[in-house]
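Novice: The structure file target_6.cif (mmCIF, C-alpha atoms) is provided below.
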data_structure
loop_
_atom_site.group_PDB
_atom_site.id
_atom_site.type_symbol
_atom_site.label_atom_id
_atom_site.label_comp_id
_atom_site.auth_asym_id
_atom_site.auth_seq_id
_atom_site.Cartn_x
_atom_site.Cartn_y
_atom_site.Cartn_z
ATOM 1 C CA GLY A 172 16.433 112.386 123.454
ATOM 2 C CA ALA A 173 14.470 115.539 122.825
ATOM 3 C CA LEU A 174 16.760 117.681 125.003
ATOM 4 C CA ARG A 175 19.863 116.526 123.159
ATOM 5 C CA GLU A 176 18.210 117.244 119.813
ATOM 6 C CA LEU A 177 17.174 120.710 121.010
ATOM 7 C CA VAL A 178 20.706 121.610 122.091
ATOM 8 C CA ARG A 179 22.252 120.091 118.986
ATOM 9 C CA THR A 180 20.017 121.783 116.421
ATOM 10 C CA ARG A 181 18.652 124.937 118.022
ATOM 11 C CA VAL A 182 21.227 126.378 120.469
ATOM 12 C CA ASP A 183 24.366 128.271 119.434
ATOM 13 C CA LEU A 184 27.122 126.694 121.533
ATOM 14 C CA GLU A 185 29.917 128.331 119.530
ATOM 15 C CA THR A 186 29.104 131.931 120.356
ATOM 16 C CA VAL A 187 31.264 133.968 122.736
ATOM 17 C CA PRO A 188 29.232 134.225 125.976
ATOM 18 C CA LYS A 189 28.261 137.499 127.581
ATOM 19 C CA LYS A 190 29.364 138.454 131.089
ATOM 20 C CA SER A 191 25.907 137.633 132.451
ATOM 21 C CA VAL A 192 26.445 134.030 131.329
ATOM 22 C CA LEU A 193 29.800 133.936 133.123
ATOM 23 C CA ARG A 194 28.131 135.115 136.337
ATOM 24 C CA LEU A 195 25.541 132.371 135.994
ATOM 25 C CA LEU A 196 28.309 129.801 135.573
ATOM 26 C CA ALA A 197 30.127 131.189 138.600
ATOM 27 C CA ASP A 198 26.977 130.848 140.697
ATOM 28 C CA HIS A 199 26.991 127.114 140.031
ATOM 29 C CA CYS A 200 30.635 126.269 140.689
ATOM 30 C CA SER A 201 31.274 124.029 143.703
ATOM 31 C CA ASP A 202 34.966 124.991 143.671
ATOM 32 C CA PRO A 203 35.409 128.487 145.216
ATOM 33 C CA GLY A 204 38.547 129.101 143.149
ATOM 34 C CA GLU A 205 36.770 128.399 139.881
ATOM 35 C CA ALA A 206 33.820 130.544 140.947
ATOM 36 C CA ASP A 207 36.137 133.466 141.811
ATOM 37 C CA ALA A 208 37.881 133.160 138.426
ATOM 38 C CA LEU A 209 34.573 133.386 136.570
ATOM 39 C CA TYR A 210 33.339 136.253 138.766
ATOM 40 C CA LEU A 211 36.544 138.140 137.980
ATOM 41 C CA LEU A 212 36.090 137.625 134.252
ATOM 42 C CA SER A 213 32.569 139.031 134.493
ATOM 43 C CA SER A 214 33.504 142.053 136.619
ATOM 44 C CA ILE A 215 34.508 145.594 135.694
ATOM 45 C CA LYS A 216 37.887 144.931 137.251
ATOM 46 C CA GLY A 217 38.394 141.936 134.989
ATOM 47 C CA LYS A 218 37.541 143.836 131.766
ATOM 48 C CA ASP A 219 40.966 143.356 130.154
ATOM 49 C CA LEU A 220 41.057 139.733 131.267
ATOM 50 C CA PHE A 221 37.631 139.115 129.711
ATOM 51 C CA GLN A 222 38.682 140.700 126.433
ATOM 52 C CA GLY A 223 41.828 138.604 126.244
ATOM 53 C CA LYS A 224 40.680 135.230 127.584
ATOM 54 C CA VAL A 225 37.118 135.239 126.288
ATOM 55 C CA GLU A 226 36.490 137.701 123.456
ATOM 56 C CA ARG A 227 39.772 137.635 121.514
ATOM 57 C CA ALA A 228 40.282 133.948 122.333
ATOM 58 C CA ALA A 229 36.723 133.276 121.071
ATOM 59 C CA THR A 230 36.108 131.040 124.095
ATOM 60 C CA THR A 231 32.787 129.221 124.034
ATOM 61 C CA VAL A 232 30.485 128.111 126.847
ATOM 62 C CA VAL A 233 31.491 124.508 126.230
ATOM 63 C CA GLU A 234 35.168 125.422 126.634
ATOM 64 C CA LEU A 235 34.440 127.348 129.840
ATOM 65 C CA LEU A 236 32.646 124.323 131.267
ATOM 66 C CA GLU A 237 35.631 122.148 130.368
ATOM 67 C CA GLN A 238 38.015 124.639 132.011
ATOM 68 C CA HIS A 239 35.881 124.784 135.175
ATOM 69 C CA PRO A 240 34.807 121.160 135.830
ATOM 70 C CA SER A 241 33.054 121.994 139.114
ATOM 71 C CA CYS A 242 30.595 124.205 137.244
ATOM 72 C CA ARG A 243 27.280 122.346 136.893
ATOM 73 C CA PRO A 244 24.513 124.817 136.016
ATOM 74 C CA PRO A 245 20.960 123.506 135.495
ATOM 75 C CA VAL A 246 20.278 122.881 131.821
ATOM 76 C CA GLU A 247 17.067 124.912 131.917
ATOM 77 C CA LEU A 248 19.020 127.992 133.052
ATOM 78 C CA LEU A 249 21.602 127.556 130.306
ATOM 79 C CA LEU A 250 18.868 127.317 127.711
ATOM 80 C CA GLN A 251 17.468 130.625 128.953
ATOM 81 C CA VAL A 252 20.739 132.536 128.485
ATOM 82 C CA LEU A 253 22.313 130.874 125.449
ATOM 83 C CA PRO A 254 21.302 132.341 122.076
ATOM 84 C CA ALA A 255 19.407 130.381 119.489
ATOM 85 C CA LEU A 256 21.148 129.443 116.265
ATOM 86 C CA SER A 257 20.671 132.325 113.832
ATOM 87 C CA PRO A 258 19.715 131.644 110.207
ATOM 88 C CA ARG A 259 22.418 131.739 107.557
ATOM 89 C CA TYR A 260 21.541 133.397 104.263
ATOM 90 C CA TYR A 261 22.899 132.044 100.973
ATOM 91 C CA SER A 262 22.112 133.131 97.441
ATOM 92 C CA ILE A 263 20.736 130.523 95.066
ATOM 93 C CA ALA A 264 23.293 129.882 92.328
ATOM 94 C CA SER A 265 20.973 128.187 89.845
ATOM 95 C CA SER A 266 17.901 128.821 87.732
ATOM 96 C CA PRO A 267 14.659 126.820 88.001
ATOM 97 C CA PHE A 268 14.800 126.611 84.192
ATOM 98 C CA VAL A 269 17.920 124.450 84.519
ATOM 99 C CA GLN A 270 17.372 122.739 87.876
ATOM 100 C CA PRO A 271 13.641 122.850 88.654
ATOM 101 C CA SER A 272 13.833 120.549 91.695
ATOM 102 C CA ARG A 273 17.242 121.542 93.092
ATOM 103 C CA VAL A 274 19.070 124.637 94.262
ATOM 104 C CA ARG A 275 22.797 125.344 94.363
ATOM 105 C CA ILE A 276 24.563 127.514 96.897
ATOM 106 C CA ALA A 277 28.146 128.647 97.342
ATOM 107 C CA PHE A 278 29.791 129.170 100.710
ATOM 108 C CA THR A 279 33.240 129.940 102.050
ATOM 109 C CA LEU A 280 34.762 127.779 104.753
ATOM 110 C CA VAL A 281 35.312 130.101 107.701
ATOM 111 C CA ARG A 282 38.591 129.445 109.507
ATOM 112 C CA TRP A 283 40.651 131.706 111.705
ATOM 113 C CA GLU A 284 43.128 131.640 114.542
ATOM 114 C CA ALA A 285 42.017 133.145 117.825
ATOM 115 C CA GLU A 286 44.363 134.734 120.329
ATOM 116 C CA GLY A 287 46.773 132.211 121.729
ATOM 117 C CA GLY A 288 46.907 130.265 118.472
ATOM 118 C CA LYS A 289 43.628 128.496 119.073
ATOM 119 C CA PRO A 290 42.136 127.339 115.715
ATOM 120 C CA LYS A 291 38.520 128.302 115.127
ATOM 121 C CA ARG A 292 36.059 127.537 112.380
ATOM 122 C CA GLY A 293 32.609 128.523 111.230
ATOM 123 C CA LEU A 294 29.785 126.411 112.605
ATOM 124 C CA CYS A 295 27.412 126.219 109.639
ATOM 125 C CA THR A 296 29.953 126.256 106.808
ATOM 126 C CA HIS A 297 31.898 123.323 108.230
ATOM 127 C CA TRP A 298 28.723 121.347 108.778
ATOM 128 C CA LEU A 299 27.725 121.967 105.155
ATOM 129 C CA HIS A 300 31.240 121.102 104.034
ATOM 130 C CA SER A 301 31.103 117.794 105.874
ATOM 131 C CA LEU A 302 27.890 116.949 104.020
ATOM 132 C CA CYS A 303 29.482 117.872 100.692
ATOM 133 C CA GLN A 304 32.566 115.796 101.429
ATOM 134 C CA GLY A 305 30.415 112.768 102.112
ATOM 135 C CA LEU A 306 28.432 113.266 98.932
ATOM 136 C CA SER A 307 31.511 113.600 96.753
ATOM 137 C CA GLN A 308 33.668 110.897 98.337
ATOM 138 C CA ASN A 309 31.220 108.142 99.266
ATOM 139 C CA PRO A 310 28.074 108.555 97.135
ATOM 140 C CA ASP A 311 27.237 104.843 97.128
ATOM 141 C CA GLU A 312 27.425 104.557 100.913
ATOM 142 C CA LEU A 313 25.204 107.588 101.362
ATOM 143 C CA LEU A 314 22.433 105.993 99.342
ATOM 144 C CA GLU A 315 22.099 103.377 102.062
ATOM 145 C CA GLN A 316 21.905 105.927 104.895
ATOM 146 C CA PRO A 317 18.893 107.967 105.998
ATOM 147 C CA PRO A 318 18.714 111.398 104.354
ATOM 148 C CA VAL A 319 20.110 114.436 106.147
ATOM 149 C CA LEU A 320 17.377 116.985 106.728
ATOM 150 C CA VAL A 321 18.585 120.557 106.298
ATOM 151 C CA PRO A 322 16.030 123.017 107.666
ATOM 152 C CA LEU A 323 15.633 125.904 105.250
ATOM 153 C CA SER A 324 13.267 128.618 104.179
ATOM 154 C CA LEU A 325 13.113 130.902 101.176
ATOM 155 C CA CYS A 326 13.802 134.584 101.689
ATOM 156 C CA PRO A 327 12.469 136.394 98.592
ATOM 157 C CA THR A 328 14.252 139.520 97.400
ATOM 158 C CA LYS A 329 12.408 142.627 96.277
ATOM 159 C CA ASP A 330 15.075 144.412 94.274
ATOM 160 C CA PHE A 331 17.889 141.960 93.513
ATOM 161 C CA ARG A 332 16.320 140.311 90.495
ATOM 162 C CA LEU A 333 16.629 140.198 86.726
ATOM 163 C CA PRO A 334 14.851 142.932 84.735
ATOM 164 C CA GLU A 335 11.503 141.902 83.313
ATOM 165 C CA ASP A 336 12.686 142.679 79.790
ATOM 166 C CA PRO A 337 15.274 139.997 78.915
ATOM 167 C CA SER A 338 16.760 142.261 76.237
ATOM 168 C CA THR A 339 18.080 144.640 78.910
ATOM 169 C CA ARG A 340 21.833 144.358 79.329
ATOM 170 C CA ILE A 341 23.227 143.544 82.765
ATOM 171 C CA VAL A 342 26.609 144.123 84.406
ATOM 172 C CA MET A 343 27.395 141.911 87.399
ATOM 173 C CA VAL A 344 30.197 142.372 89.930
ATOM 174 C CA GLY A 345 30.546 139.372 92.228
ATOM 175 C CA PRO A 346 33.908 138.489 93.754
ATOM 176 C CA GLY A 347 34.184 135.314 95.820
ATOM 177 C CA THR A 348 30.872 133.764 96.795
ATOM 178 C CA GLY A 349 29.234 136.994 95.648
ATOM 179 C CA VAL A 350 29.158 135.384 92.208
ATOM 180 C CA ALA A 351 26.481 132.895 93.331
ATOM 181 C CA PRO A 352 23.305 134.795 92.366
ATOM 182 C CA PHE A 353 24.855 135.832 89.057
ATOM 183 C CA VAL A 354 25.485 132.217 88.079
ATOM 184 C CA GLY A 355 21.732 131.772 88.473
ATOM 185 C CA PHE A 356 21.064 134.933 86.452
ATOM 186 C CA ILE A 357 23.320 133.703 83.654
ATOM 187 C CA GLN A 358 21.770 130.226 83.615
ATOM 188 C CA HIS A 359 18.326 131.785 83.401
ATOM 189 C CA ARG A 360 19.138 134.056 80.484
ATOM 190 C CA VAL A 361 21.138 131.483 78.562
ATOM 191 C CA THR A 362 18.117 129.163 78.756
ATOM 192 C CA ILE A 363 15.795 131.907 77.493
ATOM 193 C CA ARG A 364 18.189 132.581 74.608
ATOM 194 C CA GLU A 365 18.348 128.892 73.699
ATOM 195 C CA GLU A 366 14.540 128.646 73.745
ATOM 196 C CA LEU A 367 14.237 131.690 71.478
ATOM 197 C CA GLU A 368 16.748 130.235 69.036
ATOM 198 C CA GLU A 369 14.870 126.941 69.046
ATOM 199 C CA GLU A 370 11.605 128.771 68.321
ATOM 200 C CA LYS A 371 13.221 130.601 65.413
ATOM 201 C CA ARG A 372 14.540 127.341 63.952
ATOM 202 C CA ALA A 373 11.142 125.678 64.375
ATOM 203 C CA MET A 374 9.384 128.502 62.525
ATOM 204 C CA GLY A 375 11.670 128.222 59.493
ATOM 205 C CA ASP A 376 11.539 130.853 56.739
ATOM 206 C CA ARG A 377 8.866 133.483 57.254
ATOM 207 C CA CYS A 378 7.114 135.685 54.706
ATOM 208 C CA ASP A 379 7.131 139.395 55.340
ATOM 209 C CA GLY A 380 5.145 142.308 54.020
ATOM 210 C CA VAL A 381 1.440 142.808 53.424
ATOM 211 C CA TRP A 382 -1.118 140.483 51.830
ATOM 212 C CA ARG A 383 -4.581 141.823 50.939
ATOM 213 C CA GLY A 384 -4.012 144.718 53.280
ATOM 214 C CA MET A 385 -3.020 142.546 56.243
ATOM 215 C CA PRO A 386 0.502 142.198 57.734
ATOM 216 C CA LEU A 387 1.911 138.709 57.311
ATOM 217 C CA ARG A 388 3.890 138.987 60.535
ATOM 218 C CA LEU A 389 1.731 139.245 63.653
ATOM 219 C CA ASP A 390 3.056 141.055 66.726
ATOM 220 C CA ASP A 391 2.741 138.069 69.026
ATOM 221 C CA GLU A 392 4.584 135.876 66.515
ATOM 222 C CA CYS A 393 7.614 138.106 66.066
ATOM 223 C CA VAL A 394 10.097 135.713 67.605
ATOM 224 C CA GLU A 395 12.791 137.088 65.312
ATOM 225 C CA GLU A 396 12.579 140.459 67.013
ATOM 226 C CA ARG A 397 12.905 139.111 70.554
ATOM 227 C CA SER A 398 16.396 138.890 72.001
ATOM 228 C CA VAL A 399 18.381 138.455 75.184
ATOM 229 C CA GLY A 400 20.584 141.334 76.240
ATOM 230 C CA GLY A 401 24.312 141.121 76.826
ATOM 231 C CA MET A 402 25.711 139.916 80.148
ATOM 232 C CA TRP A 403 29.042 141.046 81.578
ATOM 233 C CA LEU A 404 30.422 139.450 84.729
ATOM 234 C CA PHE A 405 33.333 140.789 86.767
ATOM 235 C CA PHE A 406 34.586 138.029 89.034
ATOM 236 C CA GLY A 407 37.490 138.170 91.480
ATOM 237 C CA CYS A 408 39.139 135.911 94.023
ATOM 238 C CA ARG A 409 42.536 135.278 95.557
ATOM 239 C CA SER A 410 43.791 132.249 93.660
ATOM 240 C CA GLN A 411 42.773 131.290 90.146
ATOM 241 C CA ASP A 412 43.514 127.634 90.864
ATOM 242 C CA GLN A 413 41.837 127.346 94.282
ATOM 243 C CA ASP A 414 39.087 129.964 94.551
ATOM 244 C CA PHE A 415 37.629 130.343 91.056
ATOM 245 C CA LEU A 416 34.049 129.259 91.759
ATOM 246 C CA TYR A 417 32.082 127.757 88.849
ATOM 247 C CA ARG A 418 35.211 128.104 86.718
ATOM 248 C CA LYS A 419 34.369 125.471 84.097
ATOM 249 C CA GLU A 420 30.811 126.677 83.705
ATOM 250 C CA LEU A 421 31.663 130.369 83.414
ATOM 251 C CA THR A 422 34.664 129.986 81.127
ATOM 252 C CA ALA A 423 32.693 127.648 78.854
ATOM 253 C CA LEU A 424 29.881 130.202 78.543
ATOM 254 C CA ALA A 425 32.355 133.019 77.938
ATOM 255 C CA SER A 426 34.024 131.017 75.161
ATOM 256 C CA THR A 427 30.689 130.724 73.333
ATOM 257 C CA GLU A 428 30.114 134.478 73.635
ATOM 258 C CA ALA A 429 26.987 133.849 75.697
ATOM 259 C CA MET A 430 28.449 136.364 78.153
ATOM 260 C CA SER A 431 31.527 138.506 78.768
ATOM 261 C CA LEU A 432 33.808 137.515 81.635
ATOM 262 C CA SER A 433 36.456 139.703 83.255
ATOM 263 C CA THR A 434 38.466 138.109 86.060
ATOM 264 C CA ALA A 435 40.770 139.475 88.741
ATOM 265 C CA PHE A 436 43.050 137.362 90.947
ATOM 266 C CA SER A 437 44.684 139.110 93.873
ATOM 267 C CA ARG A 438 47.146 136.360 94.865
ATOM 268 C CA SER A 439 48.089 134.720 91.574
ATOM 269 C CA GLY A 440 51.256 136.696 90.859
ATOM 270 C CA GLY A 441 51.844 139.860 88.911
ATOM 271 C CA GLY A 442 50.581 142.170 91.650
ATOM 272 C CA ARG A 443 47.246 142.367 93.379
ATOM 273 C CA VAL A 444 44.383 142.902 90.968
ATOM 274 C CA TYR A 445 40.787 143.427 92.076
ATOM 275 C CA VAL A 446 37.450 143.641 90.255
ATOM 276 C CA GLN A 447 37.467 147.443 90.425
ATOM 277 C CA ASP A 448 40.818 147.429 88.589
ATOM 278 C CA ARG A 449 39.325 145.365 85.765
ATOM 279 C CA MET A 450 36.383 147.742 85.632
ATOM 280 C CA ARG A 451 38.714 150.713 85.160
ATOM 281 C CA GLU A 452 40.610 148.839 82.424
ATOM 282 C CA HIS A 453 37.328 148.487 80.510
ATOM 283 C CA GLY A 454 36.071 151.904 81.592
ATOM 284 C CA ARG A 455 35.063 153.265 78.175
ATOM 285 C CA GLU A 456 33.096 150.148 77.168
ATOM 286 C CA LEU A 457 31.544 149.837 80.630
ATOM 287 C CA ALA A 458 30.430 153.470 80.489
ATOM 288 C CA ARG A 459 28.834 152.803 77.084
ATOM 289 C CA TRP A 460 26.908 149.856 78.494
ATOM 290 C CA LEU A 461 25.663 151.881 81.443
ATOM 291 C CA LEU A 462 24.871 155.162 79.656
ATOM 292 C CA ALA A 463 24.070 154.372 76.020
ATOM 293 C CA GLU A 464 22.744 150.836 76.449
ATOM 294 C CA ARG A 465 21.022 151.502 79.795
ATOM 295 C CA ALA A 466 22.454 148.348 81.363
ATOM 296 C CA ILE A 467 21.499 147.474 84.933
ATOM 297 C CA PHE A 468 24.424 147.246 87.350
ATOM 298 C CA TYR A 469 24.521 144.628 90.134
ATOM 299 C CA VAL A 470 26.997 144.158 92.989
ATOM 300 C CA CYS A 471 27.069 141.234 95.417
ATOM 301 C CA GLY A 472 29.672 140.417 98.055
ATOM 302 C CA ASP A 473 31.587 142.194 100.776
ATOM 303 C CA GLY A 474 29.579 145.324 101.553
ATOM 304 C CA ALA A 475 32.125 146.704 103.995
ATOM 305 C CA ARG A 476 35.009 147.237 101.556
ATOM 306 C CA MET A 477 34.530 145.814 98.083
ATOM 307 C CA ALA A 478 31.184 147.481 97.396
ATOM 308 C CA LYS A 479 32.589 150.896 98.333
ATOM 309 C CA ASP A 480 35.608 150.400 96.062
ATOM 310 C CA VAL A 481 33.363 149.280 93.205
ATOM 311 C CA ARG A 482 31.114 152.313 93.671
ATOM 312 C CA ALA A 483 34.137 154.621 93.605
ATOM 313 C CA ALA A 484 35.327 152.949 90.402
ATOM 314 C CA VAL A 485 31.918 153.403 88.710
ATOM 315 C CA VAL A 486 31.786 157.074 89.722
ATOM 316 C CA ALA A 487 35.302 157.634 88.338
ATOM 317 C CA ILE A 488 34.457 155.832 85.070
ATOM 318 C CA LEU A 489 31.275 157.847 84.535
ATOM 319 C CA ASP A 490 33.043 161.107 85.375
ATOM 320 C CA GLU A 491 35.635 160.617 82.636
#
Just dump the structure as structure tokens.
Specialist:
Amino acid sequence: GALRELVRTRVDLETVPKKSVLRLLADHCSDPGEADALYLLSSIKGKDLFQGKVERAATTVVELLEQHPSCRPPVELLLQVLPALSPRYYSIASSPFVQPSRVRIAFTLVRWEAEGGKPKRGLCTHWLHSLCQGLSQNPDELLEQPPVLVPLSLCPTKDFRLPEDPSTRIVMVGPGTGVAPFVGFIQHRVTIREELEEEKRAMGDRCDGVWRGMPLRLDDECVEERSVGGMWLFFGCRSQDQDFLYRKELTALASTEAMSLSTAFSRSGGGRVYVQDRMREHGRELARWLLAERAIFYVCGDGARMAKDVRAAVVAILDE
């Protein structure tokens, strides 16, 4: 019914509960022993126990209810203390020029092992993965089933966008799923370049010069002078064979010189190599792009570590 749908689609049942939630559960245990155990976990005295059995073990409310079967709190109280599902933000990895009615996203399956060897996984990424598995493995069967509605909303960006002038060069650093927006950038610019080339072919040979005091080439018809700037992508991941997102698409574009592609694989043998290492290898050319060609520099991905290392690499390159 409606309550089941509310809990299933709006409430985060995978989050680690706060101590106030544990006290609420304890208040509704009919077994005194189970109540005392939950009260202890929520107390100052039970701080270390809470950190070990709840926080580091990533224990959920559902698991606590299973461990304490006499606990029967009213649903309305649980709904008041459990957090709502938070939105997940993904970059669009496609251009409306190429896919006007669809969007692509890239996501990493989140898996880890909590204390005690308990396997854990990301809530949203595994749900999305299950949808993808069904689409790829049983496409004919899915056509006969009702569509899966994925609630979504667009979150426009103010600064992370392509320059208005398509002739401006761009440098993109996007390891892992950080490459997603840049795949869209590249699609967009490649399409613009193809359209310009098609316009040039359609116009054929053009006369130049002046005729009766008037220029033969009008400013708004100067297709020949319009161009798309260079694109240079630095992509990194652990394994070339397992983690190279959009590999066929990117390598195909790089082979046609539509873009430059520098890759770094940290677990594919020969020592650990990261995107900042590839940037230093191409330091002189990268500095020329940034200083002489006035290229715009983009970074997307892990802001905690990678972005700082990339910034340090850029500073070192420009200092040389």
Novice: Take the PyMOL selection byres ((chain A and resi 296) around 12), apply it to the structure above, and return the hits as a list in words.
Specialist: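 Checked against the file, the PyMOL selection byres ((chain A and resi 296) around 12) matches Arg259, Tyr260, Tyr261, Ile276, Ala277, Phe278, Thr279, Leu280, Val281, Arg282, Arg292, Gly293, Leu294, Cys295, His297, Trp298, Leu299, His300, Ser301, Leu302 and Cys303 of chain A.
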Novice: So how far away is CA of Tyr417 (chain A) from CA of Glu370 (chain A), in Å?
Specialist: 29.0 Å
Novice: May I have the residues within 8 Å of Val269 (chain A) as a list in words, using only C-alpha atoms and disregarding those fewer than 4 positions away in the same chain?
Specialist: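 After dropping sequence-adjacent residues, the list is Ser265, Gln358, His359 and Thr362 of chain A.
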Novice: In Å to one decimal, how far is CA of Ile363 (chain A) from CA of Leu323 (chain A)?
Specialist: 28.4 Å
Novice: I need the output of the PyMOL selection byres ((chain A and resi 344-346) around 7) for this file as a CSV table (one decimal) with C-alpha atoms, keeping the file's coordinate frame; which residues are they?
Specialist:
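As a result, expr.csv now contains:
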chain,number,residue,atom,x,y,z
A,342,VAL,CA,26.6,144.1,84.4
A,343,MET,CA,27.4,141.9,87.4
A,347,GLY,CA,34.2,135.3,95.8
A,348,THR,CA,30.9,133.8,96.8
A,349,GLY,CA,29.2,137.0,95.6
A,350,VAL,CA,29.2,135.4,92.2
A,404,LEU,CA,30.4,139.4,84.7
A,405,PHE,CA,33.3,140.8,86.8
A,406,PHE,CA,34.6,138.0,89.0
A,407,GLY,CA,37.5,138.2,91.5
A,408,CYS,CA,39.1,135.9,94.0
A,469,TYR,CA,24.5,144.6,90.1
A,470,VAL,CA,27.0,144.2,93.0
A,471,CYS,CA,27.1,141.2,95.4
A,472,GLY,CA,29.7,140.4,98.1
Novice: Running the PyMOL selection byres ((chain A and resi 188) around 12) on this model by hand, what would come out? Give it as an mmCIF file with C-alpha atoms, keeping the file's coordinate frame.
Specialist:
data_model
loop_
_atom_site.group_PDB
_atom_site.id
_atom_site.type_symbol
_atom_site.label_atom_id
_atom_site.label_comp_id
_atom_site.auth_asym_id
_atom_site.auth_seq_id
_atom_site.Cartn_x
_atom_site.Cartn_y
_atom_site.Cartn_z
ATOM 1 C CA ASP A 183 24.366 128.271 119.434
ATOM 2 C CA LEU A 184 27.122 126.694 121.533
ATOM 3 C CA GLU A 185 29.917 128.331 119.530
ATOM 4 C CA THR A 186 29.104 131.931 120.356
ATOM 5 C CA VAL A 187 31.264 133.968 122.736
ATOM 6 C CA LYS A 189 28.261 137.499 127.581
ATOM 7 C CA LYS A 190 29.364 138.454 131.089
ATOM 8 C CA SER A 191 25.907 137.633 132.451
ATOM 9 C CA VAL A 192 26.445 134.030 131.329
ATOM 10 C CA LEU A 193 29.800 133.936 133.123
ATOM 11 C CA ARG A 194 28.131 135.115 136.337
ATOM 12 C CA LEU A 195 25.541 132.371 135.994
ATOM 13 C CA LEU A 196 28.309 129.801 135.573
ATOM 14 C CA LEU A 209 34.573 133.386 136.570
ATOM 15 C CA LEU A 212 36.090 137.625 134.252
ATOM 16 C CA SER A 213 32.569 139.031 134.493
ATOM 17 C CA PHE A 221 37.631 139.115 129.711
ATOM 18 C CA GLN A 222 38.682 140.700 126.433
ATOM 19 C CA LYS A 224 40.680 135.230 127.584
ATOM 20 C CA VAL A 225 37.118 135.239 126.288
ATOM 21 C CA GLU A 226 36.490 137.701 123.456
ATOM 22 C CA ARG A 227 39.772 137.635 121.514
ATOM 23 C CA ALA A 228 40.282 133.948 122.333
ATOM 24 C CA ALA A 229 36.723 133.276 121.071
ATOM 25 C CA THR A 230 36.108 131.040 124.095
ATOM 26 C CA THR A 231 32.787 129.221 124.034
ATOM 27 C CA VAL A 232 30.485 128.111 126.847
ATOM 28 C CA VAL A 233 31.491 124.508 126.230
ATOM 29 C CA GLU A 234 35.168 125.422 126.634
ATOM 30 C CA LEU A 235 34.440 127.348 129.840
ATOM 31 C CA LEU A 236 32.646 124.323 131.267
ATOM 32 C CA LEU A 249 21.602 127.556 130.306
ATOM 33 C CA VAL A 252 20.739 132.536 128.485
ATOM 34 C CA LEU A 253 22.313 130.874 125.449
ATOM 35 C CA PRO A 254 21.302 132.341 122.076
#
Novice: What does the distance from CA of Arg243 (chain A) to CA of Cys200 (chain A) come to in Å, to one decimal?
Specialist: 6.4 Å
Novice: Given the choices A:Arg397, A:Lys216, A:Lys371, A:His239, which gets closest to Ala197 (chain A) if the distance is worked out from only C-alpha atoms?
Specialist: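 Result for the nearest residue to Ala197 (chain A): A:His239.
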